[in-house]
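Structure file my_file.txt (compact mmCIF, C-alpha atoms and all ligand atoms) follows.
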# COMPACT_ATOMS: atom_id res chain seq x y z
CA MET N 725 45.40 132.75 143.00
CA ARG N 726 44.92 130.40 140.05
CA ILE N 727 42.06 130.10 137.59
CA SER N 728 40.61 126.59 137.64
CA GLU N 729 40.51 124.41 134.50
CA ASP N 730 36.70 124.45 134.67
CA GLN N 731 36.63 128.21 134.76
CA LEU N 732 38.96 128.41 131.76
CA ALA N 733 36.89 125.87 129.86
CA SER N 734 33.69 127.85 130.48
CA PHE N 735 34.79 130.51 127.95
CA SER N 736 34.19 128.87 124.61
CA SER N 737 34.59 130.35 121.13
CA THR N 738 31.56 132.05 119.58
CA ASP N 739 29.92 131.32 116.24
CA PHE N 740 31.07 134.73 115.10
CA HIS N 741 34.68 133.70 115.77
CA ILE N 742 34.27 130.51 113.76
CA ARG N 743 32.75 132.41 110.82
CA SER N 744 35.49 135.08 110.93
CA LEU N 745 38.13 132.39 110.96
CA ASP N 746 36.58 130.67 107.94
CA LEU N 747 36.74 133.92 105.99
CA LEU N 748 40.42 134.31 106.90
CA ARG N 749 41.09 130.71 105.90
CA GLU N 750 39.55 131.42 102.50
CA ARG N 751 41.72 134.49 102.12
CA PHE N 752 44.84 132.58 103.14
CA SER N 753 44.33 129.94 100.46
CA LYS N 754 43.68 132.67 97.85
CA HIS N 755 46.96 134.38 98.74
CA ASN N 756 48.99 131.20 99.20
CA LEU N 757 49.53 131.78 102.91
CA ASN N 758 50.00 128.87 105.26
CA PHE N 759 47.19 129.17 107.82
CA GLU N 760 48.49 126.52 110.23
CA GLN N 761 52.03 127.87 110.13
CA VAL N 762 50.82 131.36 111.08
CA ILE N 763 48.81 129.92 113.99
CA ARG N 764 51.88 127.98 115.17
CA LYS N 765 54.12 131.03 114.96
CA ILE N 766 51.66 133.09 116.97
CA GLN N 767 51.66 130.37 119.64
CA GLU N 768 55.46 130.19 119.76
CA PHE N 769 55.83 133.95 120.17
CA GLN N 770 56.19 134.60 123.91
CA ILE N 771 56.78 137.97 125.56
CA ALA N 772 58.45 138.47 128.94
CA ILE N 773 56.73 140.51 131.64
CA PRO N 774 58.92 142.87 133.68
CA SER N 775 58.55 142.36 137.40
CA ALA N 776 58.23 146.15 137.72
CA ALA N 777 55.02 146.29 135.65
CA LEU N 778 52.71 144.29 137.92
CA GLY N 779 52.01 147.21 140.24
CA ASN N 780 50.97 150.77 139.48
CA GLY N 781 53.84 152.88 138.21
CA LYS N 782 57.57 152.37 138.10
CA ALA N 783 59.97 154.56 140.06
CA LYS N 784 59.23 157.67 138.01
CA ASN N 785 55.46 157.44 138.11
CA LYS N 786 53.74 157.21 141.44
CA LYS N 787 50.06 157.40 140.74
CA SER N 788 46.80 155.98 141.97
CA ARG N 789 46.72 152.43 143.32
CA THR N 790 44.54 149.66 141.92
CA GLY N 791 44.53 147.59 145.10
CA GLY N 792 45.44 143.93 145.41
CA GLU N 793 48.86 144.67 143.90
CA PRO N 794 51.60 142.09 144.38
CA ARG N 795 53.71 142.75 147.47
CA ASN N 796 56.75 140.74 146.52
CA LEU N 797 58.35 138.78 143.70
CA ASN N 798 56.35 135.63 144.49
CA GLU N 799 53.05 137.44 144.12
CA LYS N 800 54.34 139.01 140.90
CA LEU N 801 55.02 135.53 139.55
CA GLU N 802 51.50 134.54 140.52
CA ASP N 803 50.12 137.49 138.55
CA ILE N 804 52.16 136.52 135.50
CA GLY N 805 50.82 132.98 135.95
CA LEU N 806 47.29 134.41 135.69
CA LEU N 807 48.24 136.29 132.52
CA GLN N 808 49.65 133.11 131.06
CA GLN N 809 46.54 131.10 131.91
CA LEU N 810 44.34 133.63 130.11
CA THR N 811 46.53 134.60 127.16
CA CYS N 812 49.18 131.84 126.69
CA LYS N 813 51.42 134.68 125.56
CA THR N 814 53.96 135.04 128.35
CA ASN N 815 56.15 132.33 129.79
CA SER N 816 58.81 134.41 131.52
CA VAL N 817 59.56 137.21 133.95
CA SER N 818 62.30 139.81 133.67
CA VAL N 819 63.41 140.73 137.19
CA TYR N 820 64.44 144.26 138.18
CA ILE N 821 67.07 144.59 140.90
CA PRO N 822 67.02 146.27 143.42
CA TRP N 823 63.25 146.64 143.05
CA ASP N 824 62.39 142.93 143.20
CA MET N 825 64.95 141.16 145.35
CA PRO N 826 64.09 137.46 145.79
CA GLU N 827 63.76 136.59 149.45
CA ASP N 828 63.86 132.80 149.34
CA TYR N 829 65.42 131.51 146.09
CA LYS N 830 64.13 127.98 146.44
CA GLU N 831 60.61 129.18 147.04
CA VAL N 832 60.77 131.59 144.08
CA LYS N 833 62.18 128.94 141.74
CA ASP N 834 59.70 126.28 142.86
CA LEU N 835 56.83 128.68 142.29
CA ALA N 836 58.16 129.62 138.83
CA ASN N 837 58.40 125.91 137.98
CA GLU N 838 54.89 125.28 139.18
CA LEU N 839 53.63 128.15 137.00
CA ASN N 840 55.79 127.10 134.01
CA LEU N 841 57.60 130.43 134.06
CA GLU N 842 61.24 131.08 133.21
CA PHE N 843 63.53 133.89 134.25
CA ASP N 844 64.26 136.17 131.32
CA THR N 845 66.99 138.82 131.29
CA MET N 846 67.88 140.48 134.58
CA ASN N 847 67.66 144.29 134.80
CA SER N 848 70.27 146.17 136.82
CA THR N 849 68.41 149.45 136.76
CA SER N 850 70.53 152.37 137.92
CA SER N 851 67.91 155.07 138.19
CA GLN N 852 67.60 157.55 141.01
CA ASP N 853 66.53 155.00 143.48
CA GLN N 854 66.42 155.11 147.22
CA ASN N 855 69.32 152.68 147.37
CA GLN N 856 71.39 154.45 144.77
CA LYS N 857 71.29 158.15 145.63
CA GLU N 858 74.84 158.83 144.51
CA TYR N 859 73.97 157.88 140.95
CA ALA N 860 71.52 160.73 140.67
CA LYS N 861 74.18 163.40 140.40
CA LEU N 862 76.80 162.25 137.91
CA GLY N 863 75.85 158.75 137.01
CA SER N 864 76.77 155.18 137.80
CA LEU N 865 79.09 153.25 135.45
CA GLY N 866 80.43 156.50 133.94
CA ASN N 867 80.70 158.51 137.16
CA PRO N 868 83.96 160.53 137.49
CA ASN N 869 84.33 159.14 141.02
CA LYS N 870 86.01 155.74 140.80
CA ALA N 871 84.47 154.55 144.08
CA ILE N 872 80.95 155.19 142.75
CA ARG N 873 81.79 153.41 139.48
CA GLU N 874 83.03 150.45 141.48
CA GLU N 875 79.84 150.46 143.52
CA ALA N 876 77.82 150.44 140.28
CA ILE N 877 79.90 147.58 138.85
CA ALA N 878 79.43 145.65 142.10
CA HIS N 879 75.67 146.21 141.83
CA ASN N 880 75.65 144.74 138.32
CA GLU N 881 77.73 141.79 139.50
CA GLU N 882 75.30 141.21 142.32
CA VAL N 883 72.44 141.23 139.81
CA ILE N 884 74.32 138.64 137.70
CA ASN N 885 74.80 136.47 140.78
CA ILE N 886 71.10 136.72 141.62
CA GLY N 887 70.24 135.89 137.99
CA LYS N 888 72.53 132.85 138.06
CA LYS N 889 70.66 131.51 141.07
CA LEU N 890 67.33 132.08 139.34
CA GLY N 891 68.41 130.55 136.01
CA SER N 892 68.47 133.74 133.94
CA ARG N 893 70.78 133.98 130.91
CA GLY N 894 71.28 137.68 130.36
CA LEU N 895 71.68 141.16 131.76
CA THR N 896 70.04 144.34 130.51
CA VAL N 897 71.92 147.50 131.39
CA TRP N 898 70.27 150.90 131.26
CA MET N 899 72.08 153.81 132.81
CA ALA N 900 70.65 157.12 133.89
CA ASP N 901 74.14 158.62 133.42
CA GLY N 902 74.56 162.05 131.90
CA SER N 903 74.65 165.75 132.78
CA ASN N 904 72.40 168.77 132.94
CA PHE N 905 74.65 171.68 131.94
CA PRO N 906 77.02 172.23 129.02
CA GLY N 907 80.53 171.77 130.38
CA GLN N 908 79.39 169.82 133.45
CA ALA N 909 80.74 166.49 132.17
CA LYS N 910 83.55 165.61 129.81
CA PHE N 911 81.87 163.55 127.07
CA ARG N 912 84.87 161.41 126.12
CA SER N 913 85.80 160.65 129.73
CA THR N 914 82.29 159.57 130.77
CA LEU N 915 82.08 157.38 127.68
CA GLY N 916 85.51 155.86 128.43
CA TRP N 917 84.64 155.14 132.06
CA THR N 918 81.35 153.62 130.96
CA GLU N 919 83.14 151.33 128.52
CA GLU N 920 85.66 150.27 131.18
CA SER N 921 82.88 149.52 133.67
CA LEU N 922 80.84 147.63 131.09
CA ARG N 923 83.90 145.56 130.19
CA GLU N 924 84.30 144.48 133.83
CA ILE N 925 80.63 143.50 133.94
CA TYR N 926 80.86 141.72 130.58
CA GLU N 927 83.84 139.70 131.76
CA PHE N 928 82.09 138.85 135.02
CA MET N 929 79.08 137.38 133.16
CA PRO N 930 78.93 133.59 132.70
CA SER N 931 80.00 132.56 129.19
CA ASP N 932 76.44 131.63 128.18
CA TRP N 933 75.00 135.02 129.15
CA ASP N 934 74.28 137.99 126.87
CA LEU N 935 74.61 141.65 127.73
CA MET N 936 71.88 143.90 126.37
CA LEU N 937 72.73 147.56 126.29
CA GLU N 938 69.81 149.96 126.28
CA TYR N 939 70.07 153.56 125.02
CA LYS N 940 68.01 156.67 125.60
CA PRO N 941 68.44 160.25 124.33
CA TYR N 942 67.47 162.15 127.48
CA GLU N 943 65.82 161.83 130.90
CA PRO N 944 66.54 161.91 133.73
CA ASN N 945 69.36 164.17 132.48
CA CYS N 946 68.34 166.98 130.17
CA TYR N 947 71.60 168.04 128.49
CA HIS N 948 73.58 164.90 127.74
CA THR N 949 73.19 161.15 128.17
CA VAL N 950 76.23 158.87 128.01
CA VAL N 951 74.53 156.23 125.82
CA PRO N 952 71.99 158.36 123.94
CA ASP N 953 71.40 156.35 120.77
CA TRP N 954 71.72 153.03 118.95
CA GLY N 955 74.99 154.13 117.34
CA THR N 956 76.75 154.66 120.68
CA SER N 957 75.21 151.50 122.06
CA SER N 958 76.38 149.52 118.98
CA MET N 959 79.87 150.90 119.27
CA LEU N 960 80.13 149.88 122.91
CA ALA N 961 78.60 146.45 122.22
CA LYS N 962 81.07 145.78 119.41
CA ARG N 963 84.00 146.77 121.60
CA LEU N 964 82.84 144.49 124.41
CA GLY N 965 82.44 141.32 122.37
CA ALA N 966 80.05 139.06 120.52
CA ARG N 967 77.74 138.50 123.50
CA ALA N 968 76.97 142.22 123.85
CA LYS N 969 74.13 143.60 121.73
CA VAL N 970 71.79 146.58 121.53
CA LEU N 971 68.42 146.67 123.23
CA VAL N 972 65.72 148.77 121.56
CA ASP N 973 63.18 150.35 123.91
CA LEU N 974 60.57 151.85 121.61
CA GLY N 975 60.04 154.87 123.87
CA ASN N 976 63.75 155.72 124.03
CA HIS N 977 63.83 157.72 120.79
CA LEU N 978 63.29 161.32 119.84
CA PRO N 979 59.90 161.99 118.21
CA LYS N 980 59.60 160.88 114.57
CA THR N 981 62.69 158.63 114.68
CA ASN N 982 62.54 155.85 112.10
CA ILE N 983 62.76 152.95 114.54
CA GLU N 984 62.08 150.29 111.92
CA GLN N 985 65.20 151.45 110.08
CA ILE N 986 67.23 151.22 113.30
CA VAL N 987 65.97 147.66 113.74
CA ALA N 988 67.02 146.76 110.19
CA THR N 989 70.45 148.35 110.65
CA LEU N 990 71.05 146.49 113.89
CA MET N 991 69.96 143.20 112.32
CA TYR N 992 72.29 143.90 109.38
CA GLN N 993 75.14 143.69 111.92
CA ASN N 994 73.61 140.87 113.99
CA LEU N 995 73.53 143.37 116.85
CA LEU N 996 69.89 143.40 117.88
CA ALA N 997 69.51 142.06 121.42
CA GLY N 998 65.80 142.54 121.85
CA PHE N 999 62.93 144.88 122.59
CA HIS N 1000 61.27 146.76 125.34
CA PHE N 1001 57.78 147.21 123.96
CA ASN N 1002 55.80 150.33 124.79
CA ASP N 1003 54.51 153.35 122.91
CA SER N 1004 55.10 157.07 123.15
CA LYS N 1005 53.61 160.37 122.15
CA TYR N 1006 56.38 162.72 123.25
CA GLY N 1007 59.32 160.88 124.84
CA ASP N 1008 59.82 157.92 127.12
CA ASP N 1009 56.14 157.93 128.00
CA ASP N 1010 55.93 154.17 128.60
CA LEU N 1011 52.42 154.08 127.14
CA ASN N 1012 50.86 150.76 126.26
CA PRO N 1013 52.19 149.20 123.02
CA SER N 1014 50.19 150.26 119.92
CA SER N 1015 48.12 152.75 121.92
CA VAL N 1016 49.46 155.64 119.81
CA LYS N 1017 51.40 154.26 116.82
CA PRO N 1018 50.20 150.77 115.86
CA TYR N 1019 51.45 151.16 112.27
CA GLN N 1020 54.99 151.78 113.50
CA LEU N 1021 54.93 148.55 115.50
CA PHE N 1022 53.66 146.69 112.42
CA LEU N 1023 56.52 148.13 110.30
CA ILE N 1024 59.03 147.09 112.97
CA PHE N 1025 57.74 143.52 112.81
CA CYS N 1026 57.96 143.65 109.00
CA GLU N 1027 61.69 144.40 109.37
CA LEU N 1028 62.12 141.69 112.01
CA ILE N 1029 60.51 139.05 109.80
CA GLY N 1030 62.45 140.26 106.74
CA GLY N 1031 65.78 140.29 108.63
CA ASP N 1032 65.17 136.74 109.84
CA GLN N 1033 64.09 135.44 106.41
CA ASP N 1034 67.03 137.10 104.63
CA GLY N 1035 69.46 135.50 107.09
CA ALA N 1036 70.65 138.82 108.61
CA GLN N 1037 69.81 137.81 112.19
CA ALA N 1038 67.86 134.83 113.48
CA TRP N 1039 64.44 135.47 115.01
CA ASP N 1040 65.28 133.19 117.95
CA SER N 1041 68.27 135.33 118.94
CA ILE N 1042 65.98 138.27 119.77
CA SER N 1043 64.29 138.72 123.14
CA TRP N 1044 60.91 140.34 123.75
CA MET N 1045 59.73 142.20 126.80
CA ILE N 1046 57.04 144.73 127.67
CA ASP N 1047 58.34 147.90 129.30
CA ALA N 1048 55.32 150.06 129.90
CA SER N 1049 54.30 151.89 133.04
CA TYR N 1050 50.79 151.47 134.32
CA ASN N 1051 49.89 154.46 136.39
CA THR N 1052 46.18 154.74 136.80
CA GLN N 1053 44.69 151.55 135.37
CA ASP N 1054 44.69 147.94 136.48
CA PRO N 1055 48.16 146.69 135.42
CA LEU N 1056 46.84 143.22 134.56
CA VAL N 1057 44.23 144.67 132.21
CA ASP N 1058 46.89 146.83 130.55
CA LEU N 1059 49.26 143.88 130.24
CA ILE N 1060 46.57 141.74 128.59
CA GLN N 1061 46.00 144.59 126.13
CA ALA N 1062 49.77 144.93 125.58
CA LEU N 1063 50.27 141.22 124.88
CA GLU N 1064 47.36 141.29 122.44
CA ALA N 1065 48.54 144.46 120.66
CA ILE N 1066 52.09 143.17 120.14
CA THR N 1067 50.82 139.82 118.86
CA ILE N 1068 48.42 141.54 116.47
CA ALA N 1069 51.25 143.66 115.01
CA TYR N 1070 53.39 140.53 114.56
CA THR N 1071 50.54 138.57 112.96
CA LYS N 1072 49.74 141.36 110.49
CA ALA N 1073 53.41 141.53 109.52
CA MET N 1074 53.34 137.78 108.75
CA LEU N 1075 50.64 138.46 106.13
CA VAL N 1076 52.82 140.77 104.03
CA ASP N 1077 53.45 139.40 100.55
CA ARG N 1078 57.23 139.58 100.80
CA LYS N 1079 57.89 138.36 97.29
CA LYS N 1080 55.78 141.13 95.76
CA LEU N 1081 57.26 143.66 98.19
CA GLN N 1082 60.75 142.69 97.14
CA GLU N 1083 59.83 143.22 93.49
CA CYS N 1084 58.57 146.69 94.38
CA GLN N 1085 61.80 147.41 96.24
CA GLN N 1086 63.86 146.27 93.27
CA ASN N 1087 62.02 148.76 91.07
CA GLY N 1088 61.62 151.51 93.67
CA GLU N 1089 57.85 151.13 93.37
CA GLY N 1090 56.38 153.21 96.20
CA SER N 1091 52.61 153.20 95.85
CA GLN N 1092 52.43 149.48 95.18
CA ALA N 1093 54.66 148.78 98.20
CA GLN N 1094 52.28 150.88 100.26
CA GLU N 1095 49.35 148.86 98.93
CA ILE N 1096 51.04 145.56 99.83
CA LEU N 1097 51.81 146.74 103.36
CA GLN N 1098 48.32 148.21 103.86
CA MET N 1099 46.69 145.04 102.59
CA ALA N 1100 48.33 143.16 105.47
CA TYR N 1101 48.01 145.93 108.05
CA LEU N 1102 44.31 146.50 107.46
CA THR N 1103 43.42 142.82 107.80
CA ASP N 1104 41.60 142.10 111.03
CA VAL N 1105 43.79 139.32 112.40
CA ARG N 1106 42.12 139.09 115.81
CA PRO N 1107 40.37 135.79 114.96
CA LEU N 1108 43.79 134.26 114.20
CA VAL N 1109 45.28 135.48 117.49
CA CYS N 1110 42.20 134.23 119.31
CA GLU N 1111 42.33 130.82 117.59
CA ALA N 1112 46.02 130.39 118.45
CA ARG N 1113 45.28 131.24 122.07
CA VAL N 1114 42.28 128.92 122.42
CA ARG N 1115 44.16 126.00 120.85
CA ALA N 1116 47.02 126.63 123.30
CA GLY N 1117 44.63 126.40 126.25
CA GLY N 1118 43.85 130.08 126.85
CA VAL N 1119 40.49 131.83 126.63
CA ALA N 1120 38.97 133.41 123.51
CA GLU N 1121 38.60 136.87 125.06
CA PRO N 1122 41.06 137.32 127.96
CA LEU N 1123 39.86 140.80 128.99
CA GLU N 1124 36.25 139.67 129.13
CA ALA N 1125 37.22 136.57 131.13
CA TYR N 1126 39.34 138.70 133.51
CA ARG N 1127 36.32 140.90 134.22
CA ILE N 1128 33.75 138.11 134.43
CA LEU N 1129 35.96 136.15 136.83
CA MET N 1130 36.42 139.36 138.88
CA ILE N 1131 40.10 138.63 139.26
CA ARG N 1132 41.05 142.07 140.57
CA ASN N 1133 38.35 141.89 143.24
CA LYS N 1134 39.67 138.52 144.32
CA LEU N 1135 43.23 139.85 144.46
CA VAL N 1136 42.07 142.82 146.55
CA HIS N 1137 40.29 140.40 148.86
CA GLU N 1138 43.42 138.24 149.11
CA ARG N 1139 46.03 140.99 149.42
CA GLY N 1140 44.13 144.04 150.64
CA VAL N 1141 43.24 147.44 149.17
CA LYS N 1142 46.51 149.04 150.17
CA SER N 1143 48.83 146.29 149.08
CA TYR N 1144 51.83 147.12 146.93
CA ASN N 1145 55.55 146.59 146.71
CA SER N 1146 57.00 148.95 149.33
CA ILE N 1147 60.00 149.84 147.15
CA PHE N 1148 57.81 152.16 145.01
CU CU A 1201 63.40 149.86 128.68
Rewrite the coordinates I just gave you, this time as structure tokens.
Amino acid sequence: MRISEDQLASFSSTDFHIRSLDLLRERFSKHNLNFEQVIRKIQEFQIAIPSAALGNGKAKNKKSRTGGEPRNLNEKLEDIGLLQQLTCKTNSVSVYIPWDMPEDYKEVKDLANELNLEFDTMNSTSSQDQNQKEYAKLGSLGNPNKAIREEAIAHNEEVINIGKKLGSRGLTVWMADGSNFPGQAKFRSTLGWTEESLREIYEFMPSDWDLMLEYKPYEPNCYHTVVPDWGTSSMLAKRLGARAKVLVDLGNHLPKTNIEQIVATLMYQNLLAGFHFNDSKYGDDDLNPSSVKPYQLFLIFCELIGGDQDGAQAWDSISWMIDASYNTQDPLVDLIQALEAITIAYTKAMLVDRKKLQECQQNGEGSQAQEILQMAYLTDVRPLVCEARVRAGGVAEPLEAYRILMIRNKLVHERGVKSYNSIF
């Protein structure tokens, strides 16, 4: 389904929005901030939607069903098209294989064109999937059994071939490889096999593709994971070549890890591939971005902006994707919230007085640095995000519009109560 132009136009900005925006404008001129530039940057910032997020739950979370869920990749594209119409915040899809195999490439590409959507990085997920049972025991690319490693390499190559047909330009690799008992796996060997396998995949990629290597400390294995942290991921990326970089999934860290520092360190080496946005309370919870730690996300964006401005790594070389798992709520509602939360964190980070902050850093001035950061963080930037969206053709309040237009009801009517992608 599509929302008509008339329906979109029926949601106009309120007087309250206009007054709030005027106040922010006043504040911008007082602090020498460029109002129009911030609006433009918000509009340019686009976040990819993973094909796996449009239904309830990924492979590890099978929970209640919302109804009207997309049954195939085409319907997933249609859902992203709806998100884009409302929010103007997402212009691409990141496809997971084998979960979202395209059936008819021409049809999928035509539909993406029609919806103005691009194909972001491909994901060659190697979790304990119904098609990949052998991986569950001792891993995929680092499995001691050569035949299984070859099967895993072939799977990645197939994903690259699918991505080439779709027009994607990158591959994200996350491996569930590891072990559950001390002594069960030889650390150096599994790492060596993983590197060898990754090299084959890297060399198979077209020359204009990037390889993004994700890391994660534990789960599904509880004792050891082959690529547990950013250090191991960086080491492998450096050994593979300049087109391999490290992907940061916010949930893939042990509690209390200083993720903003990891981001800065990766940018220092021009090794940051991109993000999987989510939030976590305990581990890889895949909660909605900013639902638990909004300040952390703000601090991460402060580092991203700083790294770009200092010339460490260009903003445009970094890719952005949501990687949350929607178990019991309407995934489209959660995705609208996610897009909004990420954009708010980015916008707040743009308000930081970097010159003053740098002076504090030069003098090791802690409390004043805190004040500068809080001044930006505590600013209600929602009118700015709203203004950027409305000027781009979206609606002022996407969640309200989604509910008023009864989009989920219409999708249930169109696709049925028990509709979902059969792979889950
Ligand atoms: Cu991820």
Close residues to ligand CU 1201 (chain A) using only C-alpha atoms and all ligand atoms, limit 9 Å, as an mmCIF file with C-alpha atoms, keeping the file's coordinate frame:
data_model
loop_
_atom_site.group_PDB
_atom_site.id
_atom_site.type_symbol
_atom_site.label_atom_id
_atom_site.label_comp_id
_atom_site.auth_asym_id
_atom_site.auth_seq_id
_atom_site.Cartn_x
_atom_site.Cartn_y
_atom_site.Cartn_z
ATOM 1 C CA THR N 896 70.040 144.340 130.510
ATOM 2 C CA TRP N 898 70.270 150.900 131.260
ATOM 3 C CA GLU N 938 69.810 149.960 126.280
ATOM 4 C CA TYR N 939 70.070 153.560 125.020
ATOM 5 C CA LYS N 940 68.010 156.670 125.600
ATOM 6 C CA LEU N 971 68.420 146.670 123.230
ATOM 7 C CA VAL N 972 65.720 148.770 121.560
ATOM 8 C CA ASP N 973 63.180 150.350 123.910
ATOM 9 C CA LEU N 974 60.570 151.850 121.610
ATOM 10 C CA GLY N 975 60.040 154.870 123.870
ATOM 11 C CA ASN N 976 63.750 155.720 124.030
ATOM 12 C CA PHE N 999 62.930 144.880 122.590
ATOM 13 C CA HIS N 1000 61.270 146.760 125.340
ATOM 14 C CA PHE N 1001 57.780 147.210 123.960
ATOM 15 C CA ASN N 1002 55.800 150.330 124.790
ATOM 16 C CA ASP N 1008 59.820 157.920 127.120
ATOM 17 C CA ASP N 1010 55.930 154.170 128.600
ATOM 18 C CA MET N 1045 59.730 142.200 126.800
ATOM 19 C CA ILE N 1046 57.040 144.730 127.670
ATOM 20 C CA ASP N 1047 58.340 147.900 129.300
ATOM 21 C CA ALA N 1048 55.320 150.060 129.900
#
Each side padded by 3 Å, which centre and which edge lengths in Å (one decimal) define the axis-aligned box around the listed atoms of range 820-832 of chain N? Give them as lines of an AutoDock Vina configuration file.
center_x = 63.8
center_y = 137.3
center_z = 143.8
size_x = 12.5
size_y = 24.7
size_z = 17.3
Determine, for each residue of range 802-840 of chain N having at least one atom at most 10 Å from an atom of range 1052-1065 of chain N, the closest pair of atoms and their separation in Å to one decimal, counting all atoms listed in the file; order by chain and ascending number, as CSV.
residue,atom,partner,partner_atom,distance
N:Asp803,CA,N:Leu1056,CA,7.7
N:Ile804,CA,N:Leu1056,CA,8.6
N:Leu806,CA,N:Leu1056,CA,8.9
N:Leu807,CA,N:Ile1060,CA,6.9
N:Gln808,CA,N:Ile1060,CA,9.5
N:Leu810,CA,N:Ile1060,CA,8.5
N:Thr811,CA,N:Ile1060,CA,7.3
N:Cys812,CA,N:Leu1063,CA,9.6
N:Lys813,CA,N:Leu1063,CA,6.7
N:Thr814,CA,N:Leu1063,CA,8.0
Check the smallest atom-to-atom distance from each of N:Arg749, N:Leu801, N:Met929, N:His755 to Lys1080 in chain N using all atoms listed in the file, then report the winner. N:His755
What's the separation between CA of Arg967 in chain N and CA of Leu935 in chain N, in Å to one decimal place? 6.1 Å
